[in-house]
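**Q** Okay, so here is structure28.cif, and as you'll see once you scroll down, it has mmCIF, C-alpha atoms and all ligand atoms.
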data_protein
loop_
_atom_site.label_atom_id
_atom_site.label_comp_id
_atom_site.auth_asym_id
_atom_site.auth_seq_id
_atom_site.Cartn_x
_atom_site.Cartn_y
_atom_site.Cartn_z
CA MET A 1 -11.87 -16.74 -0.57
CA THR A 2 -9.83 -19.20 1.49
CA ASN A 3 -6.08 -18.80 1.55
CA ALA A 4 -4.16 -21.90 0.56
CA PRO A 5 -1.78 -23.18 3.27
CA THR A 6 1.18 -22.42 0.99
CA SER A 7 0.15 -18.75 0.86
CA ARG A 8 -0.18 -18.56 4.64
CA THR A 9 3.26 -20.16 5.07
CA ALA A 10 4.80 -17.77 2.55
CA GLU A 11 3.21 -14.81 4.35
CA ALA A 12 4.55 -15.98 7.72
CA ALA A 13 8.04 -16.27 6.19
CA ARG A 14 7.79 -12.74 4.72
CA GLN A 15 6.65 -11.40 8.06
CA VAL A 16 9.77 -12.85 9.72
CA GLU A 17 11.94 -11.30 7.00
CA TYR A 18 10.29 -7.91 7.53
CA GLU A 19 10.71 -8.04 11.32
CA ARG A 20 14.38 -8.90 10.92
CA TRP A 21 15.01 -6.27 8.26
CA LEU A 22 13.18 -3.48 10.09
CA ALA A 23 14.94 -4.17 13.39
CA GLY A 24 18.36 -4.84 11.83
CA VAL A 25 21.58 -2.89 12.26
CA SER A 26 22.97 -3.33 8.74
CA PRO A 27 23.28 -0.27 6.43
CA ALA A 28 20.41 -1.73 4.36
CA SER A 29 18.19 -1.82 7.45
CA PHE A 30 19.07 1.77 8.33
CA GLY A 31 18.33 2.78 4.74
CA PHE A 32 14.98 1.00 4.76
CA ARG A 33 13.91 2.61 8.05
CA TRP A 34 14.91 6.00 6.62
CA PHE A 35 12.95 5.36 3.42
CA MET A 36 9.87 4.45 5.41
CA GLY A 37 10.24 7.57 7.57
CA PRO A 38 11.88 10.84 6.51
CA GLY A 39 12.73 9.38 3.07
CA GLN A 40 9.05 9.05 2.18
CA TRP A 41 9.24 12.37 0.38
CA PHE A 42 11.52 10.62 -2.15
CA ALA A 43 9.92 7.17 -2.11
CA ASN A 44 6.30 8.36 -2.36
CA THR A 45 6.64 11.85 -3.90
CA PRO A 46 3.34 11.95 -5.90
CA LEU A 47 1.33 11.01 -2.80
CA MET A 48 2.05 14.48 -1.38
CA ARG A 49 -0.49 15.86 -3.89
CA LEU A 50 -3.19 13.29 -3.24
CA LYS A 51 -5.50 15.58 -1.25
CA THR A 52 -5.72 17.98 -4.19
CA ASN A 53 -5.76 15.33 -6.89
CA LEU A 54 -8.61 13.34 -5.31
CA LYS A 55 -10.35 16.38 -3.73
CA LEU A 56 -10.19 14.70 -0.32
CA ASP A 57 -12.08 16.41 2.49
CA GLU A 58 -12.84 15.90 6.19
CA SER A 59 -15.34 13.12 5.41
CA THR A 60 -12.40 10.88 4.39
CA ARG A 61 -12.19 7.57 6.27
CA MET A 62 -8.75 6.28 5.30
CA LEU A 63 -7.21 2.84 5.59
CA ASP A 64 -3.52 2.40 4.74
CA LEU A 65 -2.66 -1.25 4.02
CA GLY A 66 0.98 -2.15 4.69
CA CYS A 67 1.33 1.26 6.35
CA GLY A 68 4.89 0.64 7.57
CA ARG A 69 5.84 3.62 9.76
CA GLY A 70 2.54 5.28 8.80
CA THR A 71 4.29 8.26 7.19
CA VAL A 72 2.00 8.55 4.15
CA MET A 73 -1.25 8.35 6.09
CA ARG A 74 -0.01 10.84 8.71
CA MET A 75 1.12 13.28 6.01
CA LEU A 76 -2.29 13.03 4.32
CA ASP A 77 -4.15 13.25 7.62
CA ASP A 78 -2.23 16.44 8.48
CA GLN A 79 -3.48 17.92 5.20
CA ILE A 80 -7.08 16.67 5.38
CA ARG A 81 -7.87 16.74 9.13
CA SER A 82 -10.73 14.35 8.54
CA ASP A 83 -13.44 13.78 11.13
CA THR A 84 -12.21 10.21 11.60
CA PRO A 85 -8.50 9.53 12.27
CA PRO A 86 -6.88 7.22 9.70
CA VAL A 87 -6.24 3.54 10.28
CA GLY A 88 -3.01 1.80 9.30
CA LEU A 89 -2.66 -1.98 9.07
CA ASP A 90 0.62 -3.86 8.92
CA PHE A 91 1.65 -7.41 9.78
CA SER A 92 4.98 -6.26 11.22
CA ARG A 93 5.03 -5.46 14.94
CA GLU A 94 8.34 -3.65 14.42
CA ALA A 95 6.83 -1.40 11.72
CA LEU A 96 3.93 -0.53 14.04
CA ARG A 97 6.33 0.12 16.93
CA LEU A 98 8.21 2.61 14.70
CA ALA A 99 4.87 4.12 13.60
CA ARG A 100 3.85 4.70 17.23
CA GLY A 101 7.23 6.31 17.95
CA ASP A 102 6.77 8.67 14.96
CA GLU A 103 3.46 10.06 16.22
CA SER A 104 4.11 13.68 17.13
CA ASN A 105 0.57 14.91 17.85
CA PRO A 106 -0.71 13.48 21.18
CA ALA A 107 -4.20 14.73 20.36
CA ARG A 108 -4.43 12.82 17.11
CA HIS A 109 -3.76 9.07 17.20
CA ALA A 110 -4.01 7.06 14.03
CA GLY A 111 -5.40 3.57 14.53
CA LEU A 112 -2.55 1.09 14.19
CA VAL A 113 -3.66 -2.48 13.66
CA GLN A 114 -1.48 -5.55 13.46
CA GLY A 115 -2.96 -7.89 10.89
CA SER A 116 -2.74 -9.54 7.51
CA ALA A 117 -3.78 -7.92 4.27
CA ALA A 118 -5.27 -11.30 3.37
CA ALA A 119 -8.08 -11.05 5.96
CA LEU A 120 -8.82 -7.48 6.97
CA PRO A 121 -10.17 -7.15 10.53
CA PHE A 122 -12.66 -4.43 9.58
CA ARG A 123 -16.41 -4.38 8.98
CA ASP A 124 -17.91 -4.18 5.49
CA GLY A 125 -17.93 -0.64 4.06
CA ALA A 126 -15.87 0.82 6.92
CA PHE A 127 -13.70 3.11 4.72
CA ASN A 128 -14.09 5.41 1.74
CA LEU A 129 -10.38 5.59 0.87
CA VAL A 130 -7.96 2.66 0.88
CA LEU A 131 -4.25 3.09 0.15
CA CYS A 132 -1.93 0.21 -0.60
CA GLY A 133 1.64 1.21 -1.40
CA HIS A 134 4.62 -1.05 -2.11
CA LEU A 135 2.95 -4.17 -0.68
CA VAL A 136 1.63 -6.27 -3.54
CA LYS A 137 5.05 -7.25 -4.90
CA HIS A 138 5.01 -9.78 -2.04
CA LEU A 139 1.75 -11.42 -3.12
CA ASP A 140 1.25 -14.23 -5.60
CA ASP A 141 -1.70 -13.96 -7.99
CA VAL A 142 -4.14 -15.76 -5.68
CA ASP A 143 -3.28 -13.51 -2.74
CA LEU A 144 -3.39 -10.38 -4.86
CA LEU A 145 -6.93 -11.24 -5.95
CA GLY A 146 -7.80 -12.07 -2.32
CA LEU A 147 -6.50 -8.67 -1.18
CA LEU A 148 -8.52 -6.86 -3.85
CA LEU A 149 -11.68 -8.73 -2.78
CA GLU A 150 -11.01 -7.66 0.80
CA ILE A 151 -10.55 -4.05 -0.32
CA ARG A 152 -13.89 -4.28 -2.16
CA ARG A 153 -15.51 -5.56 1.02
CA VAL A 154 -14.24 -2.81 3.33
CA LEU A 155 -14.89 0.04 0.85
CA GLU A 156 -18.24 1.80 1.09
CA PRO A 157 -20.22 2.51 -2.11
CA GLY A 158 -18.58 5.47 -3.83
CA GLY A 159 -15.24 4.70 -2.13
CA LEU A 160 -11.88 4.80 -3.88
CA ALA A 161 -8.67 2.81 -3.55
CA LEU A 162 -5.17 3.57 -4.74
CA MET A 163 -2.55 0.88 -5.23
CA TRP A 164 1.03 1.49 -6.27
CA GLU A 165 4.03 -0.77 -6.55
CA PHE A 166 7.39 -1.19 -8.27
CA GLY A 167 6.77 -2.17 -11.88
CA PRO A 168 8.65 -3.72 -14.78
CA THR A 169 10.71 -1.65 -17.24
CA GLY A 170 10.20 -3.95 -20.23
CA ASN A 171 13.92 -4.74 -20.28
CA PRO A 172 14.43 -8.27 -18.83
CA ARG A 173 18.02 -7.60 -17.69
CA LEU A 174 17.12 -4.35 -15.97
CA ASP A 175 14.06 -6.02 -14.40
CA ALA A 176 16.25 -8.85 -13.08
CA TRP A 177 18.60 -6.24 -11.57
CA ASN A 178 15.71 -4.28 -10.02
CA ALA A 179 14.26 -7.49 -8.56
CA ARG A 180 17.66 -8.18 -7.00
CA VAL A 181 17.81 -4.71 -5.48
CA LEU A 182 14.27 -5.11 -4.12
CA SER A 183 15.16 -8.51 -2.63
CA THR A 184 17.66 -6.98 -0.20
CA GLY A 185 15.49 -7.58 2.87
CA VAL A 186 12.46 -9.53 1.65
CA ARG A 187 12.85 -12.08 -1.12
CA HIS A 188 11.01 -12.87 -4.36
CA PRO A 189 9.33 -9.60 -5.36
CA ARG A 190 6.91 -9.73 -8.30
CA LEU A 191 6.97 -6.78 -10.68
CA ARG A 192 3.56 -6.25 -12.30
CA SER A 193 2.58 -3.59 -14.82
CA THR A 194 -0.28 -1.12 -14.42
CA ASP A 195 -2.25 -3.09 -17.03
CA THR A 196 -1.82 -6.29 -15.00
CA LEU A 197 -2.97 -4.57 -11.80
CA LYS A 198 -5.96 -3.13 -13.70
CA ARG A 199 -6.92 -6.62 -14.90
CA PHE A 200 -6.79 -7.99 -11.34
CA ALA A 201 -8.94 -5.11 -10.04
CA ARG A 202 -11.55 -5.78 -12.74
CA ASP A 203 -11.47 -9.51 -11.93
CA ALA A 204 -12.16 -8.58 -8.29
CA GLY A 205 -15.35 -6.86 -9.43
CA PHE A 206 -14.37 -3.18 -9.43
CA PRO A 207 -16.35 -1.42 -12.17
CA PHE A 208 -14.17 1.70 -11.99
CA VAL A 209 -10.47 1.04 -12.69
CA ARG A 210 -7.97 3.58 -14.06
CA ASP A 211 -4.24 4.05 -14.50
CA ALA A 212 -3.46 6.33 -11.53
CA ASN A 213 -0.50 7.74 -13.46
CA LEU A 214 1.42 8.49 -10.27
CA ARG A 215 4.77 10.08 -11.00
CA PRO A 216 7.50 11.07 -10.48
CA PHE A 217 8.82 8.86 -7.70
CA LEU A 218 12.30 10.20 -7.02
CA LEU A 219 13.93 7.19 -5.30
CA PRO A 220 14.68 4.38 -5.83
CA PRO A 221 14.86 4.85 -9.63
CA ILE A 222 12.56 1.93 -10.45
CA PRO A 223 9.29 2.53 -12.33
CA ARG A 224 6.01 2.29 -10.48
CA ALA A 225 2.73 0.74 -11.56
CA SER A 226 -0.33 2.40 -10.06
CA ILE A 227 -4.10 2.06 -10.25
CA LEU A 228 -7.05 4.05 -8.96
CA PHE A 229 -10.18 1.96 -8.58
CA GLY A 230 -13.48 2.09 -6.80
CA LEU A 231 -17.12 1.30 -6.32
CA PRO A 232 -20.08 3.26 -7.73
CA PRO A 233 -22.12 5.32 -5.26
CA GLU A 234 -25.32 3.70 -3.94
CA GLY A 235 -28.16 3.92 -6.44
CA PHE A 236 -25.84 4.70 -9.36
CA HIS A 237 -26.74 2.98 -12.61
CA GLY A 238 -24.30 3.25 -15.50
CA PRO A 239 -25.40 3.60 -19.11
CA ASP A 240 -27.40 0.55 -20.30
C1 LIG B 1 7.83 -1.68 1.53
S1 LIG B 1 6.83 -1.37 2.91
C2 LIG B 1 5.80 -0.04 2.29
C3 LIG B 1 5.41 0.97 3.33
C4 LIG B 1 4.53 2.10 2.80
N1 LIG B 1 3.19 1.61 2.46
C5 LIG B 1 5.13 2.73 1.57
O1 LIG B 1 4.49 2.82 0.52
O2 LIG B 1 6.26 3.18 1.64
C6 LIG B 1 5.69 -2.72 2.88
C7 LIG B 1 4.93 -2.85 4.19
O3 LIG B 1 3.90 -3.82 4.00
C8 LIG B 1 3.88 -4.70 5.09
N2 LIG B 1 3.33 -5.96 4.58
C9 LIG B 1 3.84 -6.76 3.60
N3 LIG B 1 3.03 -7.81 3.37
C10 LIG B 1 1.97 -7.66 4.22
C11 LIG B 1 0.78 -8.44 4.46
N4 LIG B 1 0.52 -9.55 3.77
N5 LIG B 1 -0.09 -8.01 5.39
C12 LIG B 1 0.16 -6.87 6.09
N6 LIG B 1 1.26 -6.11 5.91
C13 LIG B 1 2.16 -6.49 4.99
C14 LIG B 1 5.34 -4.78 5.57
O4 LIG B 1 5.45 -5.13 6.92
C15 LIG B 1 5.82 -3.35 5.30
O5 LIG B 1 5.67 -2.52 6.44
#
Represent the structure from my file as structure tokens, please.

**A**
Amino acid sequence: MTNAPTSRTAEAARQVEYERWLAGVSPASFGFRWFMGPGQWFANTPLMRLKTNLKLDESTRMLDLGCGRGTVMRMLDDQIRSDTPPVGLDFSREALRLARGDESNPARHAGLVQGSAAALPFRDGAFNLVLCGHLVKHLDDVDLLGLLLEIRRVLEPGGLALMWEFGPTGNPRLDAWNARVLSTGVRHPRLRSTDTLKRFARDAGFPFVRDANLRPFLLPPIPRASILFGLPPEGFHGPD
């Protein structure tokens, strides 16, 4: 899939907004940095149980797309101690700088890669677990499909991916308010439901797509949409 020039321009603008927001000195910037660091326990509460829920073991090869400060992948890596350290990708240099500063174990470096979710700089089938949290609200429909195709490419057969994002409430006034709150640092978020994300994942060719049912997220009090999706193991043939 080729990215239209408008998408690339929009992504470059979002990247600038993220750099500014993450490095800012306003209370909102402090709050955002806190949410991406120590506040992850509130912002990503259900992810703390992921090792148990997905029966993850040391064979896990994890990629975290839009990893921010890398808090989720480090927390999971501490639990799993997989043979291969996790890899986090983010387009923000400031986010990756914060992620490097947060590393507390000198013997265990996560891979931190600066890059775009639209064109992942990884070989086909390089990972068996891909996480993508709170990123896709920034993508239009074309880019969301492009991202899902890239996830399909870098997942090995039998691999799983988990995507979660702020979702709609069903109440247009409340949704407009939530979109305003989410626009504090980076503009024009898109709130998609779990069913919409499921449809996109199927369109990208994933045969296994489920509601991930992640909850509760404690803060901010905005519903999340979440999907678990993946590829069948090699040689697997479903029922005819
Ligand atoms: C709201 S933060 C989420 C951080 C973390 N994944 C979480 O769930 O809390 C979104 C992150 O995605 C990154 N991001 C947004 N759009 C991106 C893109 N197109 N390519 C790579 N990174 C992107 C931002 O720089 C930011 O660090």

**Q** Any idea what's packed within 8 Å of range 40-54 of chain A, counting all atoms listed in the file, ignoring anything in its chain fewer than 3 positions away? Could you give it as a list in words?

**A**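 That gives Trp34, Phe35, Met36, Gly37, Asp57, Thr71, Val72, Met75, Leu76, Gln79, Ile80, Leu214, Arg215, Pro216, Phe217, Leu218, Leu219 and Pro220 of chain A.
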
**Q** From the options A:Glu58, A:Asp64, A:Asp90, A:Asp77, which residue's atoms come nearest to ligand LIG 1 (chain B), counting all atoms listed in the file?

**A** A:Asp90

**Q** Could the centre and edge lengths of an axis-aligned box, enclosing all atoms of range 176-184 of chain A in the file with 4 Å extra on each side, be given in Å to one decimal as JSON?

**A**
{"center_x": 16.4, "center_y": -6.6, "center_z": -6.6, "size_x": 12.3, "size_y": 12.6, "size_z": 20.9}

**Q** Please identify every polymer residue within 8 Å of ligand LIG 1 (chain B), using all atoms listed in the file, and present the set as a ChimeraX atom specification.

**A** /A:11,14-15,18-19,35-36,40,43-44,64-72,89-92,95,114-118,131-136,138-139,164-165

**Q** Might you pull out every residue within 6 Å of Gly158 in chain A, with all atoms listed in the file counted and same-chain residues fewer than 2 positions away left off, and present them as an NGL selection string?

**A** :A and (231-233)

**Q** Of the candidates A:Leu96, A:Gly185, A:Asn178, A:Pro223, which shows the shortest atom-to-atom distance to Phe30 in chain A, using all atoms listed in the file?

**A**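 Of A:Leu96, A:Gly185, A:Asn178, A:Pro223, the one nearest Phe30 in chain A is A:Gly185, counting all atoms listed in the file.
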
**Q** Out of A:Arg100, A:Arg61, A:Arg224, A:Arg123, which residue has the shortest atom-to-atom distance to Gly167 in chain A when counting all atoms listed in the file?

**A**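 Closest candidate: A:Arg224.
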
**Q** Write out as a list in words which residues come within 12 Å of Ser193 in chain A when counting all atoms listed in the file, dropping same-chain ones fewer than 5 positions away.

**A**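 The neighbour list is Val136, Lys137, Met163, Trp164, Glu165, Phe166, Gly167, Pro168, Thr169, Gly170, Asp175, Lys198, Arg199, Phe200, Asp211, Asn213, Pro223, Arg224, Ala225, Ser226 and Ile227 of chain A.
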
**Q** Closest to Val130 in chain A among A:Leu160, A:Leu149, A:Leu191, A:Ala179, using all atoms listed in the file?

**A**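 For Val130 in chain A, the nearest of the candidates is A:Leu160.
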
**Q** Which polymer residues have any atom within 9 Å of an atom of Glu17 in chain A, counting all atoms listed in the file, with same-chain residues fewer than 3 positions away left out, as a list in words?

**A**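 Answer for this query is Ala12, Ala13, Arg14, Arg20, Trp21, Leu22, Gly185, Val186 and Arg187 of chain A.
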
**Q** Go through A:Pro85, A:Gly238, A:Pro221, A:Gly205 one by one, measure the shortest atom-to-atom distance of each to Ala107 in chain A using all atoms listed in the file, and give the residue with the smallest value.

**A** A:Pro85

**Q** If we count all atoms listed in the file and set the cut-off at 8 Å, which residues sit around Ala126 in chain A, ignoring sequence neighbours fewer than 6 positions away in its own chain? Please answer as number ranges by chain.

**A** A: 61, 154-156

**Q** Just give me the gap between CA of Gly111 in chain A and CA of Thr84 in chain A in Å, one decimal is fine.

**A** 10.0 Å

**Q** Report, in Å to a single decimal, how far apart CA of Gly230 in chain A and CA of Phe206 in chain A are.

**A**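 Straight-line distance from CA of Phe206 in chain A to CA of Gly230 in chain A works out to 6.0 Å.
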
**Q** Could you state the separation of CA of Gly146 in chain A and CA of Pro86 in chain A in Å, given to one decimal place?

**A** 22.7 Å

**Q** When you count all atoms listed in the file, which of these residues is closest to Ala28 in chain A: A:Pro121, A:Leu228, A:Val181, A:Asp195?

**A**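 Residue with the minimum atom-to-atom distance to Ala28 in chain A: A:Val181.
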
**Q** Could you add N, CA and C atoms to range 47-74 of chain A and give me the result as a PDB file, keeping the file's coordinate frame?

**A**
ATOM      1  N   LEU A  47       2.399  11.120  -3.798  1.00  0.00           N
ATOM      2  CA  LEU A  47       1.330  11.010  -2.800  1.00  0.00           C
ATOM      3  C   LEU A  47       1.131  12.316  -2.043  1.00  0.00           C
ATOM      4  N   MET A  48       2.155  13.189  -2.086  1.00  0.00           N
ATOM      5  CA  MET A  48       2.050  14.480  -1.380  1.00  0.00           C
ATOM      6  C   MET A  48       0.941  15.346  -1.981  1.00  0.00           C
ATOM      7  N   ARG A  49       0.541  15.034  -3.229  1.00  0.00           N
ATOM      8  CA  ARG A  49      -0.490  15.860  -3.890  1.00  0.00           C
ATOM      9  C   ARG A  49      -1.859  15.183  -3.882  1.00  0.00           C
ATOM     10  N   LEU A  50      -1.970  14.102  -3.143  1.00  0.00           N
ATOM     11  CA  LEU A  50      -3.190  13.290  -3.240  1.00  0.00           C
ATOM     12  C   LEU A  50      -4.448  14.033  -2.786  1.00  0.00           C
ATOM     13  N   LYS A  51      -4.309  14.852  -1.747  1.00  0.00           N
ATOM     14  CA  LYS A  51      -5.500  15.580  -1.250  1.00  0.00           C
ATOM     15  C   LYS A  51      -6.092  16.425  -2.385  1.00  0.00           C
ATOM     16  N   THR A  52      -5.238  17.141  -3.091  1.00  0.00           N
ATOM     17  CA  THR A  52      -5.720  17.980  -4.190  1.00  0.00           C
ATOM     18  C   THR A  52      -6.206  17.124  -5.349  1.00  0.00           C
ATOM     19  N   ASN A  53      -5.417  16.119  -5.706  1.00  0.00           N
ATOM     20  CA  ASN A  53      -5.760  15.330  -6.890  1.00  0.00           C
ATOM     21  C   ASN A  53      -7.081  14.578  -6.726  1.00  0.00           C
ATOM     22  N   LEU A  54      -7.359  14.106  -5.518  1.00  0.00           N
ATOM     23  CA  LEU A  54      -8.610  13.340  -5.310  1.00  0.00           C
ATOM     24  C   LEU A  54      -9.686  14.181  -4.609  1.00  0.00           C
ATOM     25  N   LYS A  55      -9.390  15.470  -4.402  1.00  0.00           N
ATOM     26  CA  LYS A  55     -10.350  16.380  -3.730  1.00  0.00           C
ATOM     27  C   LYS A  55     -10.816  15.769  -2.407  1.00  0.00           C
ATOM     28  N   LEU A  56      -9.846  15.347  -1.597  1.00  0.00           N
ATOM     29  CA  LEU A  56     -10.190  14.700  -0.320  1.00  0.00           C
ATOM     30  C   LEU A  56     -10.604  15.763   0.694  1.00  0.00           C
ATOM     31  N   ASP A  57     -11.633  15.460   1.473  1.00  0.00           N
ATOM     32  CA  ASP A  57     -12.080  16.410   2.490  1.00  0.00           C
ATOM     33  C   ASP A  57     -12.225  15.709   3.843  1.00  0.00           C
ATOM     34  N   GLU A  58     -12.804  16.421   4.809  1.00  0.00           N
ATOM     35  CA  GLU A  58     -12.840  15.900   6.190  1.00  0.00           C
ATOM     36  C   GLU A  58     -13.737  14.673   6.343  1.00  0.00           C
ATOM     37  N   SER A  59     -14.501  14.341   5.307  1.00  0.00           N
ATOM     38  CA  SER A  59     -15.340  13.120   5.410  1.00  0.00           C
ATOM     39  C   SER A  59     -14.526  11.854   5.077  1.00  0.00           C
ATOM     40  N   THR A  60     -13.236  12.031   4.777  1.00  0.00           N
ATOM     41  CA  THR A  60     -12.400  10.880   4.390  1.00  0.00           C
ATOM     42  C   THR A  60     -12.231   9.908   5.553  1.00  0.00           C
ATOM     43  N   ARG A  61     -12.489   8.630   5.291  1.00  0.00           N
ATOM     44  CA  ARG A  61     -12.190   7.570   6.270  1.00  0.00           C
ATOM     45  C   ARG A  61     -11.150   6.675   5.606  1.00  0.00           C
ATOM     46  N   MET A  62      -9.888   6.846   6.025  1.00  0.00           N
ATOM     47  CA  MET A  62      -8.750   6.280   5.300  1.00  0.00           C
ATOM     48  C   MET A  62      -8.189   5.031   5.970  1.00  0.00           C
ATOM     49  N   LEU A  63      -7.923   4.048   5.140  1.00  0.00           N
ATOM     50  CA  LEU A  63      -7.210   2.840   5.590  1.00  0.00           C
ATOM     51  C   LEU A  63      -5.938   2.732   4.762  1.00  0.00           C
ATOM     52  N   ASP A  64      -4.792   2.571   5.439  1.00  0.00           N
ATOM     53  CA  ASP A  64      -3.520   2.400   4.740  1.00  0.00           C
ATOM     54  C   ASP A  64      -3.028   0.969   4.981  1.00  0.00           C
ATOM     55  N   LEU A  65      -3.043   0.166   3.911  1.00  0.00           N
ATOM     56  CA  LEU A  65      -2.660  -1.250   4.020  1.00  0.00           C
ATOM     57  C   LEU A  65      -1.160  -1.405   3.816  1.00  0.00           C
ATOM     58  N   GLY A  66      -0.490  -2.067   4.755  1.00  0.00           N
ATOM     59  CA  GLY A  66       0.980  -2.150   4.690  1.00  0.00           C
ATOM     60  C   GLY A  66       1.538  -0.768   4.985  1.00  0.00           C
ATOM     61  N   CYS A  67       1.031  -0.163   6.077  1.00  0.00           N
ATOM     62  CA  CYS A  67       1.330   1.260   6.350  1.00  0.00           C
ATOM     63  C   CYS A  67       2.772   1.491   6.753  1.00  0.00           C
ATOM     64  N   GLY A  68       3.519   0.436   7.123  1.00  0.00           N
ATOM     65  CA  GLY A  68       4.890   0.640   7.570  1.00  0.00           C
ATOM     66  C   GLY A  68       4.931   1.578   8.765  1.00  0.00           C
ATOM     67  N   ARG A  69       5.748   2.649   8.669  1.00  0.00           N
ATOM     68  CA  ARG A  69       5.840   3.620   9.760  1.00  0.00           C
ATOM     69  C   ARG A  69       4.668   4.593   9.774  1.00  0.00           C
ATOM     70  N   GLY A  70       3.749   4.436   8.815  1.00  0.00           N
ATOM     71  CA  GLY A  70       2.540   5.280   8.800  1.00  0.00           C
ATOM     72  C   GLY A  70       2.787   6.681   8.268  1.00  0.00           C
ATOM     73  N   THR A  71       3.919   6.895   7.594  1.00  0.00           N
ATOM     74  CA  THR A  71       4.290   8.260   7.190  1.00  0.00           C
ATOM     75  C   THR A  71       3.312   8.837   6.172  1.00  0.00           C
ATOM     76  N   VAL A  72       2.896   8.024   5.189  1.00  0.00           N
ATOM     77  CA  VAL A  72       2.000   8.550   4.150  1.00  0.00           C
ATOM     78  C   VAL A  72       0.653   8.916   4.749  1.00  0.00           C
ATOM     79  N   MET A  73       0.094   8.031   5.574  1.00  0.00           N
ATOM     80  CA  MET A  73      -1.250   8.350   6.090  1.00  0.00           C
ATOM     81  C   MET A  73      -1.207   9.541   7.044  1.00  0.00           C
ATOM     82  N   ARG A  74      -0.094   9.682   7.803  1.00  0.00           N
ATOM     83  CA  ARG A  74      -0.010  10.840   8.710  1.00  0.00           C
ATOM     84  C   ARG A  74       0.128  12.143   7.913  1.00  0.00           C
TER      85      ARG A  74
END
